[in-house]
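Engineer: Okay, so here is coords_27.cif, and as you'll see once you scroll down, it has mmCIF, N, CA, C and O atoms.
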data_target
loop_
_atom_site.label_atom_id
_atom_site.label_comp_id
_atom_site.auth_asym_id
_atom_site.auth_seq_id
_atom_site.Cartn_x
_atom_site.Cartn_y
_atom_site.Cartn_z
N MET A 1 61.42 39.91 32.34
CA MET A 1 61.11 40.75 33.47
C MET A 1 61.50 42.18 33.14
O MET A 1 62.57 42.44 32.63
N ASN A 2 60.61 43.10 33.43
CA ASN A 2 60.93 44.50 33.21
C ASN A 2 61.10 45.21 34.55
O ASN A 2 60.76 44.70 35.60
N ASP A 3 61.61 46.41 34.48
CA ASP A 3 61.86 47.18 35.70
C ASP A 3 60.73 48.17 35.97
O ASP A 3 60.94 49.18 36.63
N GLU A 4 59.54 47.86 35.50
CA GLU A 4 58.39 48.74 35.66
C GLU A 4 57.86 48.65 37.09
O GLU A 4 57.76 47.58 37.67
N ILE A 5 57.51 49.78 37.65
CA ILE A 5 56.93 49.85 38.99
C ILE A 5 55.42 49.80 38.86
O ILE A 5 54.83 50.52 38.06
N VAL A 6 54.81 48.91 39.63
CA VAL A 6 53.35 48.81 39.63
C VAL A 6 52.83 49.19 41.01
O VAL A 6 53.54 49.09 42.01
N GLU A 7 51.58 49.62 41.06
CA GLU A 7 50.96 49.98 42.32
C GLU A 7 50.09 48.82 42.81
O GLU A 7 49.34 48.23 42.04
N ALA A 8 50.21 48.50 44.10
CA ALA A 8 49.40 47.45 44.71
C ALA A 8 48.77 48.00 45.98
O ALA A 8 49.44 48.62 46.80
N PHE A 9 47.46 47.79 46.13
CA PHE A 9 46.73 48.28 47.29
C PHE A 9 45.91 47.15 47.89
O PHE A 9 45.29 46.37 47.17
N PRO A 10 45.89 47.05 49.23
CA PRO A 10 45.00 46.06 49.86
C PRO A 10 43.55 46.48 49.68
O PRO A 10 43.23 47.66 49.71
N LYS A 11 42.67 45.51 49.45
CA LYS A 11 41.25 45.77 49.23
C LYS A 11 40.42 44.91 50.17
O LYS A 11 40.83 43.82 50.55
N MET A 12 39.22 45.38 50.49
CA MET A 12 38.27 44.58 51.27
C MET A 12 37.73 43.48 50.37
O MET A 12 37.50 43.68 49.19
N ASN A 13 37.55 42.32 50.95
CA ASN A 13 37.00 41.19 50.22
C ASN A 13 35.67 40.82 50.88
O ASN A 13 35.64 40.10 51.86
N ILE A 14 34.59 41.34 50.37
CA ILE A 14 33.26 41.11 50.93
C ILE A 14 32.67 39.87 50.28
O ILE A 14 32.75 39.75 49.07
N PRO A 15 32.09 38.91 50.94
CA PRO A 15 31.76 38.86 52.36
C PRO A 15 32.86 38.27 53.22
O PRO A 15 32.76 38.29 54.44
N ASP A 16 33.91 37.73 52.65
CA ASP A 16 34.96 37.06 53.42
C ASP A 16 36.10 38.04 53.66
O ASP A 16 37.08 38.06 52.92
N ILE A 17 35.98 38.83 54.73
CA ILE A 17 36.99 39.85 54.99
C ILE A 17 38.30 39.26 55.52
O ILE A 17 39.27 39.98 55.65
N SER A 18 38.31 37.96 55.82
CA SER A 18 39.54 37.34 56.31
C SER A 18 40.50 36.98 55.18
O SER A 18 41.66 36.71 55.42
N ALA A 19 40.02 36.96 53.94
CA ALA A 19 40.88 36.64 52.80
C ALA A 19 41.61 37.89 52.34
O ALA A 19 41.02 38.94 52.18
N GLN A 20 42.90 37.76 52.15
CA GLN A 20 43.70 38.89 51.71
C GLN A 20 43.54 39.10 50.20
O GLN A 20 43.66 38.16 49.43
N VAL A 21 43.28 40.33 49.80
CA VAL A 21 43.11 40.67 48.39
C VAL A 21 43.93 41.91 48.09
O VAL A 21 43.92 42.87 48.85
N LEU A 22 44.65 41.88 46.98
CA LEU A 22 45.39 43.04 46.52
C LEU A 22 44.82 43.51 45.19
O LEU A 22 44.38 42.71 44.38
N SER A 23 44.87 44.80 45.00
CA SER A 23 44.53 45.38 43.70
C SER A 23 45.84 45.80 43.06
O SER A 23 46.51 46.71 43.55
N ILE A 24 46.23 45.10 42.00
CA ILE A 24 47.49 45.39 41.31
C ILE A 24 47.17 45.86 39.90
O ILE A 24 46.61 45.11 39.10
N ASP A 25 47.51 47.09 39.62
CA ASP A 25 47.20 47.72 38.32
C ASP A 25 45.73 47.57 37.96
O ASP A 25 45.38 47.26 36.82
N GLY A 26 44.86 47.73 38.96
CA GLY A 26 43.42 47.66 38.72
C GLY A 26 42.87 46.24 38.66
O GLY A 26 41.67 46.06 38.49
N LYS A 27 43.70 45.23 38.79
CA LYS A 27 43.24 43.83 38.77
C LYS A 27 43.19 43.29 40.19
O LYS A 27 44.11 43.51 40.97
N ARG A 28 42.13 42.57 40.50
CA ARG A 28 41.93 42.00 41.84
C ARG A 28 42.66 40.66 41.93
O ARG A 28 42.39 39.75 41.17
N CYS A 29 43.59 40.55 42.89
CA CYS A 29 44.38 39.33 43.08
C CYS A 29 44.13 38.78 44.48
O CYS A 29 44.52 39.38 45.48
N VAL A 30 43.46 37.63 44.55
CA VAL A 30 43.16 36.98 45.82
C VAL A 30 44.41 36.24 46.28
O VAL A 30 45.00 35.47 45.53
N MET A 31 44.80 36.46 47.54
CA MET A 31 46.03 35.87 48.05
C MET A 31 45.78 34.69 48.99
O MET A 31 46.72 34.17 49.58
N ALA A 32 44.54 34.29 49.16
CA ALA A 32 44.21 33.15 50.02
C ALA A 32 43.26 32.23 49.26
O ALA A 32 42.53 32.67 48.38
N ALA A 33 43.27 30.98 49.64
CA ALA A 33 42.41 30.00 48.98
C ALA A 33 40.93 30.33 49.22
O ALA A 33 40.55 30.76 50.30
N GLN A 34 40.13 30.11 48.20
CA GLN A 34 38.69 30.29 48.31
C GLN A 34 38.12 29.12 49.11
O GLN A 34 38.47 27.97 48.88
N LEU A 35 37.27 29.43 50.08
CA LEU A 35 36.65 28.37 50.87
C LEU A 35 35.52 27.72 50.08
O LEU A 35 34.95 28.31 49.18
N LYS A 36 35.18 26.50 50.47
CA LYS A 36 34.04 25.81 49.88
C LYS A 36 32.77 26.38 50.49
O LYS A 36 32.80 26.94 51.58
N TRP A 37 31.64 26.23 49.82
CA TRP A 37 30.39 26.84 50.27
C TRP A 37 30.02 26.38 51.67
O TRP A 37 29.56 27.17 52.50
N TYR A 38 30.24 25.11 51.99
CA TYR A 38 29.86 24.61 53.31
C TYR A 38 30.82 25.10 54.39
O TYR A 38 30.44 25.21 55.56
N GLU A 39 32.06 25.43 54.04
CA GLU A 39 32.98 26.00 55.02
C GLU A 39 32.55 27.42 55.40
O GLU A 39 32.69 27.82 56.55
N TYR A 40 32.01 28.16 54.43
CA TYR A 40 31.47 29.48 54.75
C TYR A 40 30.32 29.37 55.73
O TYR A 40 30.21 30.14 56.68
N ILE A 41 29.43 28.41 55.52
CA ILE A 41 28.26 28.25 56.40
C ILE A 41 28.69 27.80 57.79
O ILE A 41 28.27 28.39 58.80
N ILE A 42 29.54 26.77 57.86
CA ILE A 42 30.00 26.28 59.16
C ILE A 42 30.78 27.35 59.91
O ILE A 42 30.61 27.54 61.12
N GLY A 43 31.61 28.08 59.18
CA GLY A 43 32.41 29.14 59.81
C GLY A 43 31.57 30.29 60.33
O GLY A 43 31.95 30.96 61.29
N ALA A 44 30.42 30.53 59.72
CA ALA A 44 29.57 31.67 60.11
C ALA A 44 28.48 31.30 61.10
O ALA A 44 27.69 32.17 61.48
N LEU A 45 28.40 30.06 61.55
CA LEU A 45 27.36 29.68 62.51
C LEU A 45 27.40 30.52 63.78
O LEU A 45 26.36 30.90 64.31
N SER A 46 28.59 30.82 64.26
CA SER A 46 28.71 31.63 65.47
C SER A 46 28.19 33.05 65.25
O SER A 46 27.61 33.65 66.14
N PHE A 47 28.36 33.58 64.07
CA PHE A 47 27.88 34.94 63.76
C PHE A 47 26.37 34.97 63.71
O PHE A 47 25.73 35.87 64.26
N ILE A 48 25.76 33.99 63.08
CA ILE A 48 24.31 33.95 62.91
C ILE A 48 23.61 33.86 64.27
O ILE A 48 22.58 34.49 64.50
N SER A 49 24.18 33.10 65.19
CA SER A 49 23.53 32.88 66.48
C SER A 49 23.48 34.12 67.36
O SER A 49 22.67 34.21 68.27
N PHE A 50 24.32 35.11 67.10
CA PHE A 50 24.41 36.27 67.98
C PHE A 50 23.52 37.44 67.57
O PHE A 50 23.53 38.47 68.24
N PHE A 51 22.73 37.34 66.52
CA PHE A 51 21.91 38.46 66.10
C PHE A 51 20.90 38.89 67.16
O PHE A 51 20.61 40.07 67.29
N SER A 52 20.36 37.97 67.94
CA SER A 52 19.33 38.33 68.91
C SER A 52 19.90 38.93 70.19
O SER A 52 19.14 39.42 71.02
N VAL A 53 21.22 38.90 70.36
CA VAL A 53 21.81 39.37 71.61
C VAL A 53 22.15 40.86 71.55
O VAL A 53 22.14 41.54 72.56
N GLY A 54 22.44 41.39 70.39
CA GLY A 54 22.75 42.81 70.28
C GLY A 54 24.14 43.06 69.73
O GLY A 54 24.78 42.18 69.16
N GLY A 55 24.60 44.28 69.93
CA GLY A 55 25.86 44.74 69.35
C GLY A 55 27.07 43.96 69.80
O GLY A 55 27.93 43.61 68.99
N ILE A 56 27.18 43.69 71.09
CA ILE A 56 28.34 42.93 71.58
C ILE A 56 28.32 41.53 71.00
O ILE A 56 29.36 40.98 70.63
N GLY A 57 27.15 40.94 70.89
CA GLY A 57 27.03 39.61 70.30
C GLY A 57 27.47 39.57 68.86
O GLY A 57 28.11 38.62 68.41
N ILE A 58 27.13 40.61 68.11
CA ILE A 58 27.53 40.68 66.71
C ILE A 58 29.05 40.81 66.60
O ILE A 58 29.67 40.18 65.74
N ILE A 59 29.66 41.56 67.50
CA ILE A 59 31.12 41.69 67.49
C ILE A 59 31.78 40.35 67.80
O ILE A 59 32.72 39.93 67.12
N VAL A 60 31.27 39.65 68.83
CA VAL A 60 31.83 38.34 69.19
C VAL A 60 31.64 37.35 68.05
O VAL A 60 32.55 36.61 67.67
N GLY A 61 30.43 37.32 67.48
CA GLY A 61 30.16 36.41 66.37
C GLY A 61 31.00 36.69 65.15
O GLY A 61 31.47 35.78 64.47
N SER A 62 31.19 37.97 64.84
CA SER A 62 32.02 38.34 63.68
C SER A 62 33.46 37.92 63.88
O SER A 62 34.10 37.39 62.97
N THR A 63 33.98 38.16 65.08
CA THR A 63 35.36 37.77 65.39
C THR A 63 35.52 36.26 65.28
O THR A 63 36.50 35.77 64.69
N ALA A 64 34.57 35.51 65.82
CA ALA A 64 34.64 34.05 65.75
C ALA A 64 34.56 33.56 64.31
O ALA A 64 35.25 32.61 63.94
N THR A 65 33.75 34.22 63.49
CA THR A 65 33.63 33.83 62.08
C THR A 65 34.96 34.03 61.36
O THR A 65 35.41 33.14 60.61
N ILE A 66 35.61 35.14 61.59
CA ILE A 66 36.91 35.40 60.95
C ILE A 66 37.95 34.38 61.43
O ILE A 66 38.75 33.87 60.64
N ILE A 67 37.93 34.07 62.73
CA ILE A 67 38.85 33.05 63.26
C ILE A 67 38.59 31.71 62.58
O ILE A 67 39.52 31.01 62.17
N ASN A 68 37.31 31.35 62.44
CA ASN A 68 36.96 30.08 61.79
C ASN A 68 37.44 30.05 60.35
O ASN A 68 37.99 29.03 59.89
N TYR A 69 37.25 31.13 59.60
CA TYR A 69 37.70 31.17 58.21
C TYR A 69 39.22 31.03 58.13
O TYR A 69 39.74 30.36 57.23
N ASN A 70 39.93 31.62 59.07
CA ASN A 70 41.40 31.47 59.09
C ASN A 70 41.80 30.04 59.42
O ASN A 70 42.77 29.52 58.86
N PHE A 71 41.07 29.37 60.31
CA PHE A 71 41.35 27.96 60.59
C PHE A 71 41.15 27.11 59.34
O PHE A 71 41.93 26.21 59.06
N PHE A 72 40.09 27.38 58.58
CA PHE A 72 39.84 26.60 57.37
C PHE A 72 40.94 26.79 56.33
O PHE A 72 41.15 25.92 55.49
N ARG A 73 41.65 27.91 56.37
CA ARG A 73 42.70 28.17 55.38
C ARG A 73 44.06 27.63 55.80
O ARG A 73 45.01 27.68 55.04
N GLN A 74 44.18 27.13 57.01
CA GLN A 74 45.47 26.61 57.47
C GLN A 74 45.85 25.34 56.73
O GLN A 74 45.00 24.60 56.25
N ASN A 75 47.15 25.10 56.66
CA ASN A 75 47.67 23.91 55.98
C ASN A 75 47.81 22.76 56.98
O ASN A 75 48.89 22.22 57.19
N THR A 76 46.70 22.40 57.60
CA THR A 76 46.67 21.26 58.51
C THR A 76 45.65 20.27 57.98
O THR A 76 44.96 20.54 57.00
N SER A 77 45.54 19.15 58.65
CA SER A 77 44.60 18.13 58.19
C SER A 77 43.17 18.63 58.40
O SER A 77 42.90 19.41 59.31
N PRO A 78 42.25 18.18 57.55
CA PRO A 78 40.85 18.59 57.70
C PRO A 78 40.29 18.26 59.09
O PRO A 78 39.48 19.01 59.63
N LYS A 79 40.75 17.17 59.68
CA LYS A 79 40.28 16.78 61.01
C LYS A 79 40.57 17.89 62.03
O LYS A 79 39.70 18.27 62.81
N TYR A 80 41.79 18.42 62.02
CA TYR A 80 42.15 19.46 62.97
C TYR A 80 41.45 20.77 62.65
O TYR A 80 41.09 21.51 63.57
N LYS A 81 41.27 21.07 61.38
CA LYS A 81 40.54 22.28 61.01
C LYS A 81 39.14 22.27 61.60
O LYS A 81 38.69 23.23 62.23
N TYR A 82 38.43 21.15 61.39
CA TYR A 82 37.04 21.06 61.87
C TYR A 82 36.98 21.01 63.39
O TYR A 82 36.03 21.54 63.98
N LEU A 83 37.96 20.39 64.05
CA LEU A 83 37.98 20.38 65.51
C LEU A 83 38.16 21.79 66.07
O LEU A 83 37.50 22.17 67.05
N LYS A 84 39.05 22.57 65.46
CA LYS A 84 39.26 23.95 65.90
C LYS A 84 37.99 24.78 65.70
O LYS A 84 37.58 25.53 66.59
N VAL A 85 37.38 24.66 64.54
CA VAL A 85 36.17 25.41 64.25
C VAL A 85 35.04 24.97 65.19
O VAL A 85 34.29 25.81 65.70
N PHE A 86 34.94 23.68 65.44
CA PHE A 86 33.94 23.17 66.37
C PHE A 86 34.15 23.77 67.76
O PHE A 86 33.20 24.18 68.42
N GLY A 87 35.41 23.84 68.20
CA GLY A 87 35.73 24.43 69.50
C GLY A 87 35.32 25.89 69.59
O GLY A 87 34.74 26.33 70.59
N VAL A 88 35.62 26.65 68.55
CA VAL A 88 35.23 28.06 68.53
C VAL A 88 33.71 28.18 68.57
O VAL A 88 33.16 29.02 69.31
N ASN A 89 33.01 27.35 67.81
CA ASN A 89 31.55 27.42 67.79
C ASN A 89 30.94 27.01 69.13
O ASN A 89 29.94 27.59 69.56
N VAL A 90 31.54 26.04 69.82
CA VAL A 90 31.06 25.64 71.15
C VAL A 90 31.26 26.78 72.15
O VAL A 90 30.37 27.08 72.95
N ILE A 91 32.41 27.42 72.10
CA ILE A 91 32.66 28.57 72.98
C ILE A 91 31.65 29.68 72.71
O ILE A 91 31.10 30.28 73.64
N CYS A 92 31.39 29.94 71.44
CA CYS A 92 30.41 30.97 71.08
C CYS A 92 29.01 30.59 71.54
O CYS A 92 28.25 31.45 71.97
N LEU A 93 28.66 29.32 71.45
CA LEU A 93 27.35 28.87 71.92
C LEU A 93 27.23 29.09 73.43
O LEU A 93 26.19 29.58 73.91
N ALA A 94 28.29 28.78 74.17
CA ALA A 94 28.27 29.00 75.61
C ALA A 94 28.12 30.49 75.93
O ALA A 94 27.32 30.88 76.79
N LEU A 95 28.87 31.34 75.22
CA LEU A 95 28.75 32.78 75.41
C LEU A 95 27.35 33.27 75.05
O LEU A 95 26.79 34.15 75.72
N TYR A 96 26.79 32.72 74.00
CA TYR A 96 25.44 33.09 73.57
C TYR A 96 24.42 32.74 74.66
O TYR A 96 23.56 33.56 75.01
N LEU A 97 24.52 31.54 75.21
CA LEU A 97 23.58 31.12 76.26
C LEU A 97 23.72 31.99 77.51
O LEU A 97 22.73 32.35 78.14
N ILE A 98 24.94 32.34 77.86
CA ILE A 98 25.16 33.24 79.00
C ILE A 98 24.56 34.61 78.72
O ILE A 98 23.88 35.19 79.57
N ALA A 99 24.80 35.13 77.52
CA ALA A 99 24.27 36.46 77.17
C ALA A 99 22.75 36.47 77.16
O ALA A 99 22.12 37.42 77.64
N VAL A 100 22.14 35.42 76.64
CA VAL A 100 20.67 35.34 76.60
C VAL A 100 20.12 35.26 78.02
O VAL A 100 19.13 35.92 78.35
N SER A 101 20.75 34.46 78.88
CA SER A 101 20.26 34.34 80.26
C SER A 101 20.40 35.66 81.01
O SER A 101 19.53 36.04 81.79
N LEU A 102 21.49 36.39 80.76
CA LEU A 102 21.66 37.71 81.39
C LEU A 102 20.63 38.69 80.86
O LEU A 102 20.10 39.50 81.62
N LYS A 103 20.34 38.61 79.59
CA LYS A 103 19.36 39.52 78.99
C LYS A 103 17.96 39.21 79.51
O LYS A 103 17.16 40.12 79.74
N MET A 104 17.66 37.94 79.73
CA MET A 104 16.33 37.55 80.23
C MET A 104 16.16 37.95 81.70
O MET A 104 15.03 38.18 82.13
N ASN A 105 17.24 38.03 82.47
CA ASN A 105 17.15 38.37 83.89
C ASN A 105 17.07 39.87 84.14
O ASN A 105 16.95 40.28 85.28
N GLN A 106 17.14 40.69 83.12
CA GLN A 106 17.10 42.13 83.31
C GLN A 106 15.71 42.60 83.57
O GLN A 106 14.73 42.21 83.16
#
As structure tokens, what does this structure read like?

Structural biologist:
Amino acid sequence: MNDEIVEAFPKMNIPDISAQVLSIDGKRCVMAAQLKWYEYIIGALSFISFFSVGGIGIIVGSTATIINYNFFRQNTSPKYKYLKVFGVNVICLALYLIAVSLKMNQ
């Protein structure tokens, strides 16, 4: 071990902005587990559904997607991870249906 000081900076991790990434001496160091391809799709279902509603829908969908990705990274059983993600997606579906009905009544 040396007493050298290194610089570390937080970086954006596109497309998964919920994963923590540091840049240490110019090297990218991911600090969270990489999700499986199907976890990315399941986690982003709430985001995809809100495109037709507008700006507020995109904000709600994006927030739900980040929450889902964080649930997938938790150290709990897969059963609880999927139940939590399912719950978030059901809530988003209900919000989506309410938003669409309000938009149609204008």

Engineer: List as an MDAnalysis selection string the protein and nucleic acid residues near stretch 58-72 of chain A, meaning an atom at most 8 Å away when all atoms listed in the file are counted, but skip any in the same chain fewer than 2 places from it.

Structural biologist: chainID A and resid 16:19 33:36 39:40 42:56 74:78 80:82 84:86 88:89 92

Engineer: Would you please work out which residue, of A:Met104, A:Arg73, A:Ala94, A:Glu7, is nearest to A:Gly26 when using only N, CA, C and O atoms?

Structural biologist: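 Using only N, CA, C and O atoms, A:Gly26 sits closest to A:Glu7.
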
Engineer: I'd like the interatomic distance between atom CA of A:Gly57 and atom CA of A:Val90, to a tenth of an Å.

Structural biologist: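 It comes out at 14.6 Å.
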
Engineer: Could you tell me how far atom CA of A:Asn105 lies from atom CA of A:Leu93, in Å and to one decimal?

Structural biologist: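 Between atom CA of A:Asn105 and atom CA of A:Leu93 the gap works out to 18.4 Å.
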
Engineer: Enumerate, as number ranges by chain, the complete set of residues in chain A that a backbone-based DSSP assignment places in alpha helix (DSSP H).

Structural biologist: A: 37-43, 45-49, 55-73, 78-104

Engineer: Which distance in Å separates atom O of A:Lys103 and atom CA of A:Gly87, to one decimal?

Structural biologist: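 About the pair atom O of A:Lys103 and atom CA of A:Gly87: they are 26.4 Å apart.
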
Engineer: As an MDAnalysis selection string, list the residues of chain A assigned to strand (DSSP E) by DSSP on the backbone atoms of this structure.

Structural biologist: chainID A and resid 8:11 21:24 27:30
